[in-house]
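Below: query_15.pdb (PDB, C-alpha atoms)
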MODEL        1
ATOM      1  CA  MET A1160      77.146 102.188  92.405
ATOM      2  CA  LYS A1161      77.689 103.273  95.996
ATOM      3  CA  ILE A1162      81.229 104.310  96.878
ATOM      4  CA  ILE A1163      82.915 103.434 100.165
ATOM      5  CA  ASN A1164      86.081 105.216 101.208
ATOM      6  CA  CYS A1165      88.671 102.594 102.188
ATOM      7  CA  PRO A1166      91.324 104.045 104.541
ATOM      8  CA  LEU A1167      94.050 102.095 102.705
ATOM      9  CA  ASN A1168      92.886 102.012  99.088
ATOM     10  CA  GLY A1169      90.755 105.135  98.711
ATOM     11  CA  PRO A1170      87.213 105.392  97.282
ATOM     12  CA  ARG A1171      86.061 102.108  95.745
ATOM     13  CA  ASN A1172      82.830 100.509  94.536
ATOM     14  CA  SER A1173      80.846  99.064  97.420
ATOM     15  CA  SER A1174      80.867  95.663  95.655
ATOM     16  CA  GLU A1175      84.509  95.317  96.732
ATOM     17  CA  PHE A1176      83.564  95.386 100.429
ATOM     18  CA  VAL A1177      82.195  92.851 102.893
ATOM     19  CA  HIS A1178      80.389  93.729 106.125
ATOM     20  CA  GLY A1179      82.067  92.253 109.204
ATOM     21  CA  GLY A1180      79.573  93.014 111.965
ATOM     22  CA  GLU A1181      79.562  95.339 114.939
ATOM     23  CA  LEU A1182      82.808  96.141 116.694
ATOM     24  CA  ARG A1183      82.472  94.634 120.185
ATOM     25  CA  GLN A1184      84.745  93.906 123.084
ATOM     26  CA  MET A1185      85.961  90.318 122.649
ATOM     27  CA  PRO A1186      85.842  88.276 125.868
ATOM     28  CA  ASP A1187      88.875  86.147 126.689
ATOM     29  CA  PRO A1188      87.919  82.892 124.895
ATOM     30  CA  ASN A1189      89.786  80.725 127.422
ATOM     31  CA  ARG A1190      88.280  82.274 130.534
ATOM     32  CA  CYS A1191      84.751  83.418 129.686
ATOM     33  CA  THR A1192      81.599  81.338 130.066
ATOM     34  CA  ASP A1193      80.097  79.543 127.074
ATOM     35  CA  LYS A1194      77.137  81.897 127.277
ATOM     36  CA  ALA A1195      79.354  84.985 127.070
ATOM     37  CA  TRP A1196      81.223  83.510 124.100
ATOM     38  CA  ALA A1197      78.015  82.541 122.293
ATOM     39  CA  ASP A1198      76.689  86.026 122.926
ATOM     40  CA  TYR A1199      79.825  87.520 121.375
ATOM     41  CA  VAL A1200      79.848  85.194 118.351
ATOM     42  CA  PHE A1201      76.175  84.850 117.483
ATOM     43  CA  TYR A1202      74.261  87.896 118.724
ATOM     44  CA  SER A1203      74.359  91.529 117.725
ATOM     45  CA  ASP A1204      72.546  94.536 119.135
ATOM     46  CA  ASN A1205      71.013  95.424 115.762
ATOM     47  CA  GLN A1206      70.063  98.958 116.782
ATOM     48  CA  ILE A1207      69.162 101.866 114.560
ATOM     49  CA  GLY A1208      71.755 104.607 114.841
ATOM     50  CA  VAL A1209      75.415 105.243 114.162
ATOM     51  CA  MET A1210      77.218 101.931 114.715
ATOM     52  CA  THR A1211      80.921 101.164 114.751
ATOM     53  CA  GLU A1212      81.461  98.188 112.448
ATOM     54  CA  TRP A1213      84.161  96.017 110.939
ATOM     55  CA  TRP A1214      84.392  96.134 107.142
ATOM     56  CA  LEU A1215      86.657  94.182 104.790
ATOM     57  CA  HIS A1216      88.101  95.414 101.514
ATOM     58  CA  ALA A1217      88.086  91.973  99.928
ATOM     59  CA  PRO A1218      90.662  92.395  97.106
ATOM     60  CA  SER A1219      93.330  93.537  99.549
ATOM     61  CA  GLY A1220      92.172  91.496 102.562
ATOM     62  CA  TYR A1221      92.216  94.719 104.574
ATOM     63  CA  TRP A1222      89.967  95.037 107.644
ATOM     64  CA  PHE A1223      89.035  98.505 108.792
ATOM     65  CA  ILE A1224      86.446 100.241 110.949
ATOM     66  CA  ALA A1225      83.500 102.271 109.693
ATOM     67  CA  GLU A1226      80.971 104.378 111.558
ATOM     68  CA  ARG A1227      77.704 103.814 109.713
ATOM     69  CA  HIS A1228      74.127 104.872 110.357
ATOM     70  CA  THR A1229      72.172 101.627 110.154
ATOM     71  CA  GLY A1230      68.979 103.472 109.195
ATOM     72  CA  SER A1231      70.161 105.738 106.390
ATOM     73  CA  ASP A1232      73.171 103.527 105.472
ATOM     74  CA  GLU A1233      75.288 106.664 105.416
ATOM     75  CA  ILE A1234      78.944 106.063 106.288
ATOM     76  CA  MET A1235      80.187 108.869 108.544
ATOM     77  CA  ARG A1236      83.817 107.857 108.835
ATOM     78  CA  THR A1237      86.207 105.023 108.027
ATOM     79  CA  TYR A1238      89.570 104.493 109.696
ATOM     80  CA  ASP A1239      92.407 102.029 110.274
ATOM     81  CA  PRO A1240      91.929  99.671 113.265
ATOM     82  CA  SER A1241      95.293 100.858 114.627
ATOM     83  CA  GLU A1242      93.395 103.885 115.986
ATOM     84  CA  ILE A1243      91.690 101.531 118.459
ATOM     85  CA  PHE A1244      94.038  98.548 118.635
ATOM     86  CA  THR A1245      97.397 100.043 119.543
ATOM     87  CA  GLN A1246      99.003  96.738 120.482
ATOM     88  CA  ARG A1247      98.697  93.043 119.714
ATOM     89  CA  VAL A1248      95.786  91.349 121.544
ATOM     90  CA  GLU A1249      97.151  88.500 123.683
ATOM     91  CA  PHE A1250      95.154  85.949 125.669
ATOM     92  CA  THR A1251      96.074  83.873 128.669
ATOM     93  CA  GLU A1252      97.032  80.239 128.097
ATOM     94  CA  LYS A1253      94.172  77.775 128.217
ATOM     95  CA  GLU A1254      94.241  75.743 131.412
ATOM     96  CA  GLU A1255      94.909  72.061 130.768
ATOM     97  CA  CYS A1256      91.830  70.007 131.535
ATOM     98  CA  SER A1257      91.967  66.399 132.681
ATOM     99  CA  PRO A1258      90.953  63.611 130.208
ATOM    100  CA  SER A1259      87.755  62.899 132.176
ATOM    101  CA  GLU A1260      86.662  66.516 131.787
ATOM    102  CA  GLU A1261      87.312  66.360 128.041
ATOM    103  CA  VAL A1262      85.039  63.342 127.714
ATOM    104  CA  LYS A1263      82.271  65.148 129.588
ATOM    105  CA  ALA A1264      82.644  68.181 127.327
TER     106      ALA A1264
ATOM    107  CA  MET B  65     119.555  68.327  74.266
ATOM    108  CA  THR B  66     116.381  68.067  76.298
ATOM    109  CA  VAL B  67     113.566  70.357  75.305
ATOM    110  CA  ILE B  68     112.362  72.088  78.455
ATOM    111  CA  LYS B  69     108.670  71.548  79.100
ATOM    112  CA  PRO B  70     106.581  72.342  82.222
ATOM    113  CA  GLU B  71     105.820  68.627  82.655
ATOM    114  CA  LEU B  72     109.500  67.968  83.495
ATOM    115  CA  PHE B  73     109.057  69.800  86.806
ATOM    116  CA  ASP B  74     106.906  69.210  89.872
ATOM    117  CA  SER B  75     106.434  72.946  90.291
ATOM    118  CA  ARG B  76     104.390  74.383  87.418
ATOM    119  CA  SER B  77     102.432  77.475  86.545
ATOM    120  CA  PHE B  78      98.715  77.140  87.288
ATOM    121  CA  ILE B  79      97.988  77.626  83.598
ATOM    122  CA  TYR B  80     100.888  75.734  82.016
ATOM    123  CA  ARG B  81      98.478  73.755  79.833
ATOM    124  CA  LYS B  82      97.570  76.987  78.045
ATOM    125  CA  HIS B  83     101.159  77.471  76.809
ATOM    126  CA  GLN B  84     101.145  74.859  74.051
ATOM    127  CA  GLN B  85     103.208  76.685  71.418
ATOM    128  CA  ALA B  86     105.774  78.214  73.695
ATOM    129  CA  ASP B  87     109.513  77.880  74.275
ATOM    130  CA  PHE B  88     110.567  77.529  77.915
ATOM    131  CA  SER B  89     113.639  77.867  80.064
ATOM    132  CA  GLU B  90     114.231  76.641  83.595
ATOM    133  CA  VAL B  91     113.709  79.238  86.331
ATOM    134  CA  SER B  92     114.096  78.147  89.966
ATOM    135  CA  GLY B  93     112.912  74.592  89.434
ATOM    136  CA  ALA B  94     110.067  75.290  87.016
ATOM    137  CA  ALA B  95     109.515  76.141  83.354
ATOM    138  CA  GLN B  96     109.133  79.823  82.446
ATOM    139  CA  VAL B  97     107.745  80.825  79.030
ATOM    140  CA  LEU B  98     110.500  82.523  77.019
ATOM    141  CA  SER B  99     108.467  83.260  73.915
ATOM    142  CA  TYR B 100     105.568  82.036  71.857
ATOM    143  CA  ALA B 101     106.515  80.350  68.595
ATOM    144  CA  GLU B 102     106.179  82.218  65.315
ATOM    145  CA  GLN B 103     105.545  85.501  67.021
ATOM    146  CA  GLY B 104     107.039  88.789  65.884
ATOM    147  CA  ASN B 105     107.230  91.722  68.208
ATOM    148  CA  PRO B 106     103.737  92.192  69.641
ATOM    149  CA  ALA B 107     102.614  95.697  70.615
ATOM    150  CA  THR B 108     100.946  94.306  73.719
ATOM    151  CA  GLY B 109     101.612  90.973  75.352
ATOM    152  CA  LEU B 110     100.353  88.976  78.316
ATOM    153  CA  ILE B 111     103.114  87.038  80.056
ATOM    154  CA  ASP B 112     102.689  84.301  82.660
ATOM    155  CA  LEU B 113     105.317  84.867  85.373
ATOM    156  CA  SER B 114     103.674  82.615  87.980
ATOM    157  CA  VAL B 115     106.784  80.479  88.528
ATOM    158  CA  MET B 116     109.097  83.412  89.302
ATOM    159  CA  PRO B 117     110.446  83.397  92.874
ATOM    160  CA  ARG B 118     108.736  85.620  95.444
ATOM    161  CA  PHE B 119     107.801  85.720  99.109
ATOM    162  CA  GLY B 120     105.965  87.999 101.506
ATOM    163  CA  LEU B 121     106.397  89.247 105.033
ATOM    164  CA  ARG B 122     104.376  91.291 107.463
ATOM    165  CA  GLY B 123     104.549  92.500 111.020
ATOM    166  CA  PRO B 124     105.742  95.528 112.994
ATOM    167  CA  ASN B 125     109.434  94.877 112.200
ATOM    168  CA  ALA B 126     108.993  93.942 108.524
ATOM    169  CA  GLY B 127     109.790  97.413 107.123
ATOM    170  CA  GLU B 128     112.963  97.842 109.170
ATOM    171  CA  SER B 129     114.219  94.385 108.210
ATOM    172  CA  LEU B 130     113.827  95.256 104.505
ATOM    173  CA  ILE B 131     115.957  98.354 104.961
ATOM    174  CA  ALA B 132     118.533  96.371 106.964
ATOM    175  CA  ALA B 133     118.708  93.812 104.136
ATOM    176  CA  GLY B 134     119.576  96.605 101.708
ATOM    177  CA  LEU B 135     116.289  96.522  99.808
ATOM    178  CA  GLN B 136     114.547  99.670  98.624
ATOM    179  CA  HIS B 137     111.716 100.339 101.054
ATOM    180  CA  PRO B 138     108.489 101.740  99.498
ATOM    181  CA  GLU B 139     107.611 104.795 101.611
ATOM    182  CA  GLN B 140     103.823 104.578 101.314
ATOM    183  CA  PRO B 141     101.326 101.702 101.277
ATOM    184  CA  ASN B 142     100.148 100.891  97.742
ATOM    185  CA  THR B 143     103.494 101.753  96.183
ATOM    186  CA  LEU B 144     106.425  99.652  94.947
ATOM    187  CA  THR B 145     110.133  99.924  94.263
ATOM    188  CA  VAL B 146     112.301  98.173  91.665
ATOM    189  CA  SER B 147     116.039  97.870  92.293
ATOM    190  CA  ALA B 148     118.756  97.873  89.648
ATOM    191  CA  GLU B 149     119.260  94.147  90.345
ATOM    192  CA  GLY B 150     115.651  93.444  89.356
ATOM    193  CA  VAL B 151     114.127  92.920  92.802
ATOM    194  CA  MET B 152     110.656  94.398  93.139
ATOM    195  CA  VAL B 153     109.239  95.234  96.589
ATOM    196  CA  LEU B 154     105.486  95.814  96.934
ATOM    197  CA  ARG B 155     104.060  97.533  99.988
ATOM    198  CA  LEU B 156     100.518  96.234 100.347
ATOM    199  CA  GLY B 157      99.613  97.765 103.685
ATOM    200  CA  ARG B 158     101.104  99.518 106.660
ATOM    201  CA  THR B 159     103.203  96.473 107.584
ATOM    202  CA  GLU B 160     102.870  94.021 104.673
ATOM    203  CA  TYR B 161     105.425  93.559 101.891
ATOM    204  CA  TRP B 162     106.062  91.206  98.994
ATOM    205  CA  VAL B 163     109.563  90.707  97.579
ATOM    206  CA  LEU B 164     109.720  89.472  93.968
ATOM    207  CA  ALA B 165     112.419  88.630  91.452
ATOM    208  CA  LEU B 166     111.692  90.123  88.034
ATOM    209  CA  PRO B 167     112.679  88.155  84.900
ATOM    210  CA  GLY B 168     116.394  88.556  84.256
ATOM    211  CA  ALA B 169     117.050  89.572  87.870
ATOM    212  CA  SER B 170     120.679  89.076  88.762
ATOM    213  CA  ALA B 171     119.606  88.505  92.376
ATOM    214  CA  GLY B 172     117.180  85.742  91.394
ATOM    215  CA  PRO B 173     119.063  82.806  92.915
ATOM    216  CA  ASP B 174     119.544  84.734  96.145
ATOM    217  CA  MET B 175     115.840  84.933  96.956
ATOM    218  CA  ASP B 176     116.083  81.981  99.370
ATOM    219  CA  THR B 177     118.953  83.646 101.233
ATOM    220  CA  LEU B 178     117.044  86.900 101.302
ATOM    221  CA  GLN B 179     113.982  85.170 102.722
ATOM    222  CA  GLN B 180     116.049  83.585 105.503
ATOM    223  CA  GLN B 181     117.541  86.996 106.259
ATOM    224  CA  LEU B 182     114.090  88.583 106.521
ATOM    225  CA  CYS B 183     112.755  86.729 109.521
ATOM    226  CA  GLY B 184     112.876  87.177 113.264
ATOM    227  CA  SER B 185     110.662  88.554 115.978
ATOM    228  CA  GLY B 186     107.890  90.858 114.800
ATOM    229  CA  ILE B 187     108.040  89.414 111.260
ATOM    230  CA  TYR B 188     105.568  86.843 109.986
ATOM    231  CA  PRO B 189     105.697  85.084 106.615
ATOM    232  CA  VAL B 190     103.083  85.805 103.946
ATOM    233  CA  TYR B 191     102.595  83.112 101.333
ATOM    234  CA  CYS B 192     102.214  84.564  97.867
ATOM    235  CA  HIS B 193     103.917  82.074  95.552
ATOM    236  CA  ASP B 194     101.690  79.013  95.257
ATOM    237  CA  SER B 195      98.497  80.854  96.165
ATOM    238  CA  TYR B 196      98.811  83.701  93.647
ATOM    239  CA  THR B 197      99.222  83.789  89.901
ATOM    240  CA  TRP B 198     101.464  86.505  88.407
ATOM    241  CA  LEU B 199     100.513  87.791  84.977
ATOM    242  CA  ALA B 200     102.348  90.703  83.363
ATOM    243  CA  MET B 201     100.627  92.810  80.726
ATOM    244  CA  ALA B 202     103.218  94.797  78.804
ATOM    245  CA  GLY B 203     103.278  97.239  75.899
ATOM    246  CA  ASP B 204     100.787  99.797  74.558
ATOM    247  CA  ASN B 205      97.201 100.749  75.508
ATOM    248  CA  LEU B 206      97.378  99.125  78.944
ATOM    249  CA  ALA B 207      95.023 101.633  80.583
ATOM    250  CA  ASP B 208      92.463 101.297  77.761
ATOM    251  CA  ILE B 209      92.549  97.510  78.006
ATOM    252  CA  MET B 210      92.196  97.519  81.775
ATOM    253  CA  ALA B 211      89.313 100.026  81.597
ATOM    254  CA  LYS B 212      87.266  97.194  80.071
ATOM    255  CA  VAL B 213      87.656  94.984  83.152
ATOM    256  CA  CYS B 214      88.468  97.285  86.076
ATOM    257  CA  ALA B 215      86.649 100.240  87.694
ATOM    258  CA  VAL B 216      89.772 102.027  88.952
ATOM    259  CA  ASP B 217      91.322 104.755  86.766
ATOM    260  CA  LEU B 218      94.644 103.245  85.620
ATOM    261  CA  ARG B 219      95.683 106.041  83.238
ATOM    262  CA  ALA B 220      99.210 107.360  83.778
ATOM    263  CA  GLU B 221      97.916 110.655  85.293
ATOM    264  CA  SER B 222      96.429 108.852  88.277
ATOM    265  CA  PHE B 223      98.381 105.566  88.210
ATOM    266  CA  ALA B 224     102.051 106.370  87.686
ATOM    267  CA  PRO B 225     104.903 103.854  87.548
ATOM    268  CA  GLY B 226     105.606 102.849  91.143
ATOM    269  CA  ASP B 227     101.927 102.777  92.109
ATOM    270  CA  LEU B 228      99.863  99.692  92.828
ATOM    271  CA  VAL B 229      96.159  99.147  93.437
ATOM    272  CA  MET B 230      94.287  96.310  95.068
ATOM    273  CA  THR B 231      90.888  96.065  93.466
ATOM    274  CA  SER B 232      88.677  93.720  91.512
ATOM    275  CA  LEU B 233      89.393  93.133  87.843
ATOM    276  CA  ALA B 234      87.170  91.031  85.612
ATOM    277  CA  ARG B 235      85.172  90.447  88.837
ATOM    278  CA  VAL B 236      87.992  88.719  90.711
ATOM    279  CA  GLY B 237      90.136  90.325  93.401
ATOM    280  CA  GLY B 238      93.639  91.248  92.350
ATOM    281  CA  ILE B 239      96.674  93.478  92.741
ATOM    282  CA  ILE B 240      97.769  95.627  89.789
ATOM    283  CA  CYS B 241     101.320  97.013  89.893
ATOM    284  CA  HIS B 242     102.659  99.609  87.456
ATOM    285  CA  HIS B 243     106.370  99.382  86.631
ATOM    286  CA  SER B 244     108.515  99.462  83.503
ATOM    287  CA  MET B 245     110.791  96.975  81.807
ATOM    288  CA  ALA B 246     112.760  97.339  78.566
ATOM    289  CA  GLY B 247     111.315 100.833  78.109
ATOM    290  CA  MET B 248     107.729  99.543  78.190
ATOM    291  CA  SER B 249     104.942 100.052  80.671
ATOM    292  CA  VAL B 250     104.163  96.826  82.511
ATOM    293  CA  PHE B 251     101.109  96.039  84.643
ATOM    294  CA  SER B 252     101.977  93.110  86.903
ATOM    295  CA  ILE B 253      98.732  91.479  87.986
ATOM    296  CA  PHE B 254      98.454  89.139  90.989
ATOM    297  CA  SER B 255      95.315  87.163  91.594
ATOM    298  CA  ASP B 256      94.202  84.051  93.404
ATOM    299  CA  SER B 257      95.634  80.939  91.746
ATOM    300  CA  ALA B 258      92.180  79.332  91.632
ATOM    301  CA  SER B 259      91.017  81.904  89.080
ATOM    302  CA  ALA B 260      94.268  81.957  87.058
ATOM    303  CA  GLY B 261      92.849  80.198  83.990
ATOM    304  CA  TYR B 262      89.758  82.358  83.918
ATOM    305  CA  LEU B 263      91.752  85.586  84.337
ATOM    306  CA  TRP B 264      94.245  84.625  81.604
ATOM    307  CA  ASP B 265      91.384  84.092  79.139
ATOM    308  CA  ALA B 266      89.464  87.188  80.286
ATOM    309  CA  LEU B 267      92.501  89.465  79.910
ATOM    310  CA  LEU B 268      93.378  88.036  76.486
ATOM    311  CA  ASP B 269      89.773  88.618  75.445
ATOM    312  CA  ALA B 270      90.006  92.260  76.592
ATOM    313  CA  MET B 271      93.363  92.629  74.811
ATOM    314  CA  ALA B 272      92.168  91.179  71.507
ATOM    315  CA  GLU B 273      90.663  94.535  70.460
ATOM    316  CA  PHE B 274      94.137  96.092  70.817
ATOM    317  CA  GLU B 275      95.929  93.199  69.093
ATOM    318  CA  GLY B 276      97.298  91.902  72.377
ATOM    319  CA  VAL B 277      98.602  88.330  72.357
ATOM    320  CA  PRO B 278     100.166  85.861  74.799
ATOM    321  CA  ALA B 279     103.926  86.329  75.044
ATOM    322  CA  GLY B 280     106.970  85.219  77.019
ATOM    323  CA  GLN B 281     109.508  86.832  79.292
ATOM    324  CA  ASN B 282     111.781  87.706  76.345
ATOM    325  CA  MET B 283     109.365  90.539  75.590
ATOM    326  CA  LEU B 284     110.125  92.044  79.020
ATOM    327  CA  LEU B 285     113.866  91.703  78.464
ATOM    328  CA  GLY B 286     113.765  93.483  75.124
ATOM    329  CA  SER B 287     114.948  90.439  73.173
ATOM    330  CA  LYS B 288     113.112  88.256  70.683
TER     331      LYS B 288
ENDMDL
END

Could you render the structure from this file as structure tokens?
Amino acid sequence: MKIINCPLNGPRNSSEFVHGGELRQMPDPNRCTDKAWADYVFYSDNQIGVMTEWWLHAPSGYWFIAERHTGSDEIMRTYDPSEIFTQRVEFTEKEECSPSEEVKA
Amino acid sequence: MTVIKPELFDSRSFIYRKHQQADFSEVSGAAQVLSYAEQGNPATGLIDLSVMPRFGLRGPNAGESLIAAGLQHPEQPNTLTVSAEGVMVLRLGRTEYWVLALPGASAGPDMDTLQQQLCGSGIYPVYCHDSYTWLAMAGDNLADIMAKVCAVDLRAESFAPGDLVMTSLARVGGIICHHSMAGMSVFSIFSDSASAGYLWDALLDAMAEFEGVPAGQNMLLGSK
């Protein structure tokens, strides 16, 4: 079986891991357009090359980041998300919308 | 005198129906298996500790609050500490901890107070009591038994007391913690409560080759 090196738990069978998609900049969900949000949620670039991706070690519920070549499936590097996310991600409060706007939505 | 049975309590182990020939005692509002009837001193036993008190916490200030509360802080992720009072602290990640009362813990009744003490800004609760089952495998041949269901090397050379691993065992996700009680090696196993019944049967099946049997907490306390 293929082995993936988990930054927290060490080398483990690949069956313990779940792919979480490309790492992308998340738009502010309360401010961005529906199109931008749909693009973030539903679409991926799907390119051949070294991609930065989210991976989950399912037994420990631990999300980490892997740099993987999508053609050869070789994993170059895995690391803790704290290397990229140095502080808690906060979003602005959602603006209250009037009842009539809610009905339209 | 009332005979203590799991049905007397609203809070029960997920697999209490499997403990038909067992003697129980009350532990924090639920029935804990003391021993299985007509059982000598098994070399290897599987003990259901699901009702024992425990709670979790995570967040940037979780580690410091544990130290401030006087608990032994595990230095590295994937390690654990056991205090003289019988409180076990698991470190499951950079900022995630579980605090558990072992059977016979003198601090057992204080777990609620401890939980109230361990909150504040930068600390978030982690629920690990009703969502996880706690099975303890104790005695001989633990690494050989676990080799039948788990891909990680759990022999003492690579998995010493004080270590824990999060992996899949018998094809379900779980946490395996190595500690000792009453001079025996103990593997405490935590797994999702939904698979508790399956895991109990699967582990007993793996243990059968090594004459492992279901047991109660008396085995961990060194008394019959």

Q) Quick one: of B:Ser147, B:Ser249, B:Thr177, B:Ser185, who's nearest to Ala107 (chain B), counting all atoms listed in the file? A) B:Ser249

Q.
For the PyMOL selection byres ((chain A and resi 1230-1246) around 7), applied here, can you spell out every residue it catches as a ChimeraX atom specification?
A. /A:1164-1166,1207-1208,1223-1229,1247-1248

Q: For the file shown, report as a list in words the outcome of the PyMOL selection byres ((chain A and resi 1177) around 9) at residue level.
A: Ser1173, Ser1174, Glu1175, Phe1176, His1178, Gly1179, Trp1213, Trp1214, Leu1215, His1216 and Ala1217 of chain A

Chain B residues near chain A (9 Å cut-off, all atoms listed in the file) as an mmCIF file with C-alpha atoms, in the frame of the given file:
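So the final result, stored in selection.cif, reads:
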data_model
loop_
_atom_site.group_PDB
_atom_site.id
_atom_site.type_symbol
_atom_site.label_atom_id
_atom_site.label_comp_id
_atom_site.auth_asym_id
_atom_site.auth_seq_id
_atom_site.Cartn_x
_atom_site.Cartn_y
_atom_site.Cartn_z
ATOM 1 C CA PRO B 141 101.326 101.702 101.277
ATOM 2 C CA ASN B 142 100.148 100.891 97.742
ATOM 3 C CA LEU B 156 100.518 96.234 100.347
ATOM 4 C CA GLY B 157 99.613 97.765 103.685
ATOM 5 C CA ARG B 158 101.104 99.518 106.660
ATOM 6 C CA ALA B 215 86.649 100.240 87.694
ATOM 7 C CA VAL B 216 89.772 102.027 88.952
ATOM 8 C CA VAL B 229 96.159 99.147 93.437
ATOM 9 C CA MET B 230 94.287 96.310 95.068
ATOM 10 C CA THR B 231 90.888 96.065 93.466
ATOM 11 C CA SER B 232 88.677 93.720 91.512
ATOM 12 C CA VAL B 236 87.992 88.719 90.711
ATOM 13 C CA GLY B 237 90.136 90.325 93.401
ATOM 14 C CA GLY B 238 93.639 91.248 92.350
ATOM 15 C CA ILE B 239 96.674 93.478 92.741
ATOM 16 C CA SER B 255 95.315 87.163 91.594
#

Q: Tell me, as a PyMOL selection string, which residues lie within 7 Å of region 72-81 of chain B, counting all atoms listed in the file; anything in the same chain fewer than 3 positions away does not count.
A: chain B and resi 69+84+93-95+114-115+257+260-261

Q: With the file shown as input, list the residues that the PyMOL selection byres ((chain B and resi 248) around 9) selects, as JSON, numbers by chain.
A: {"B": [202, 203, 204, 243, 244, 245, 246, 247, 249, 250, 284]}

Q) Could you state the separation of CA of Leu113 (chain B) and CA of Cys214 (chain B) in Å, given to one decimal place? A)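 CA of Leu113 (chain B) sits 20.9 Å away from CA of Cys214 (chain B).
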
**Q.** Test item: residues at most 12 Å from region 1185-1187 of chain A, only C-alpha atoms, excluding those fewer than 2 positions along its chain, as a list in words
**A.** Glu1181, Leu1182, Arg1183, Asn1189, Arg1190, Cys1191, Thr1192, Asp1193, Lys1194, Ala1195, Trp1196, Ala1197, Asp1198, Tyr1199, Val1200, Val1248, Glu1249, Phe1250, Thr1251, Glu1252 and Lys1253 of chain A

Write to file, as a short mmCIF file (atom, residue, chain, number, x, y, z; two decimals), keeping the file's coordinate frame, the residues of the selection just made, with C-alpha atoms.
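Writing the result to out-v1.cif gives the following:
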data_model
loop_
_atom_site.label_atom_id
_atom_site.label_comp_id
_atom_site.auth_asym_id
_atom_site.auth_seq_id
_atom_site.Cartn_x
_atom_site.Cartn_y
_atom_site.Cartn_z
CA GLU A 1181 79.56 95.34 114.94
CA LEU A 1182 82.81 96.14 116.69
CA ARG A 1183 82.47 94.63 120.18
CA ASN A 1189 89.79 80.72 127.42
CA ARG A 1190 88.28 82.27 130.53
CA CYS A 1191 84.75 83.42 129.69
CA THR A 1192 81.60 81.34 130.07
CA ASP A 1193 80.10 79.54 127.07
CA LYS A 1194 77.14 81.90 127.28
CA ALA A 1195 79.35 84.98 127.07
CA TRP A 1196 81.22 83.51 124.10
CA ALA A 1197 78.02 82.54 122.29
CA ASP A 1198 76.69 86.03 122.93
CA TYR A 1199 79.82 87.52 121.38
CA VAL A 1200 79.85 85.19 118.35
CA VAL A 1248 95.79 91.35 121.54
CA GLU A 1249 97.15 88.50 123.68
CA PHE A 1250 95.15 85.95 125.67
CA THR A 1251 96.07 83.87 128.67
CA GLU A 1252 97.03 80.24 128.10
CA LYS A 1253 94.17 77.78 128.22
#

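Distances to Leu267 (chain B) were evaluated for B:Lys82, B:Phe88, B:Phe254, B:Ile209 using only C-alpha atoms, and the minimum falls at B:Ile209.
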
Around all listed atoms of region 1177-1193 of chain A, padded 6 Å per side, what centre and edge lengths does the axis-aligned box have in Å to one decimal, as lines of an AutoDock Vina configuration file?
center_x = 84.7
center_y = 87.8
center_z = 116.7
size_x = 22.2
size_y = 28.6
size_z = 39.6

Q: Can you work out the spacing between CA of Asn105 (chain B) and CA of Glu273 (chain B) in Å, to one decimal?
A: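 Straight-line distance from CA of Asn105 (chain B) to CA of Glu273 (chain B) works out to 17.0 Å.
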
Q) Mind pulling up the distance from CA of Asp217 (chain B) to CA of Asp269 (chain B)? A)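 Distance between the two atoms: 19.8 Å.
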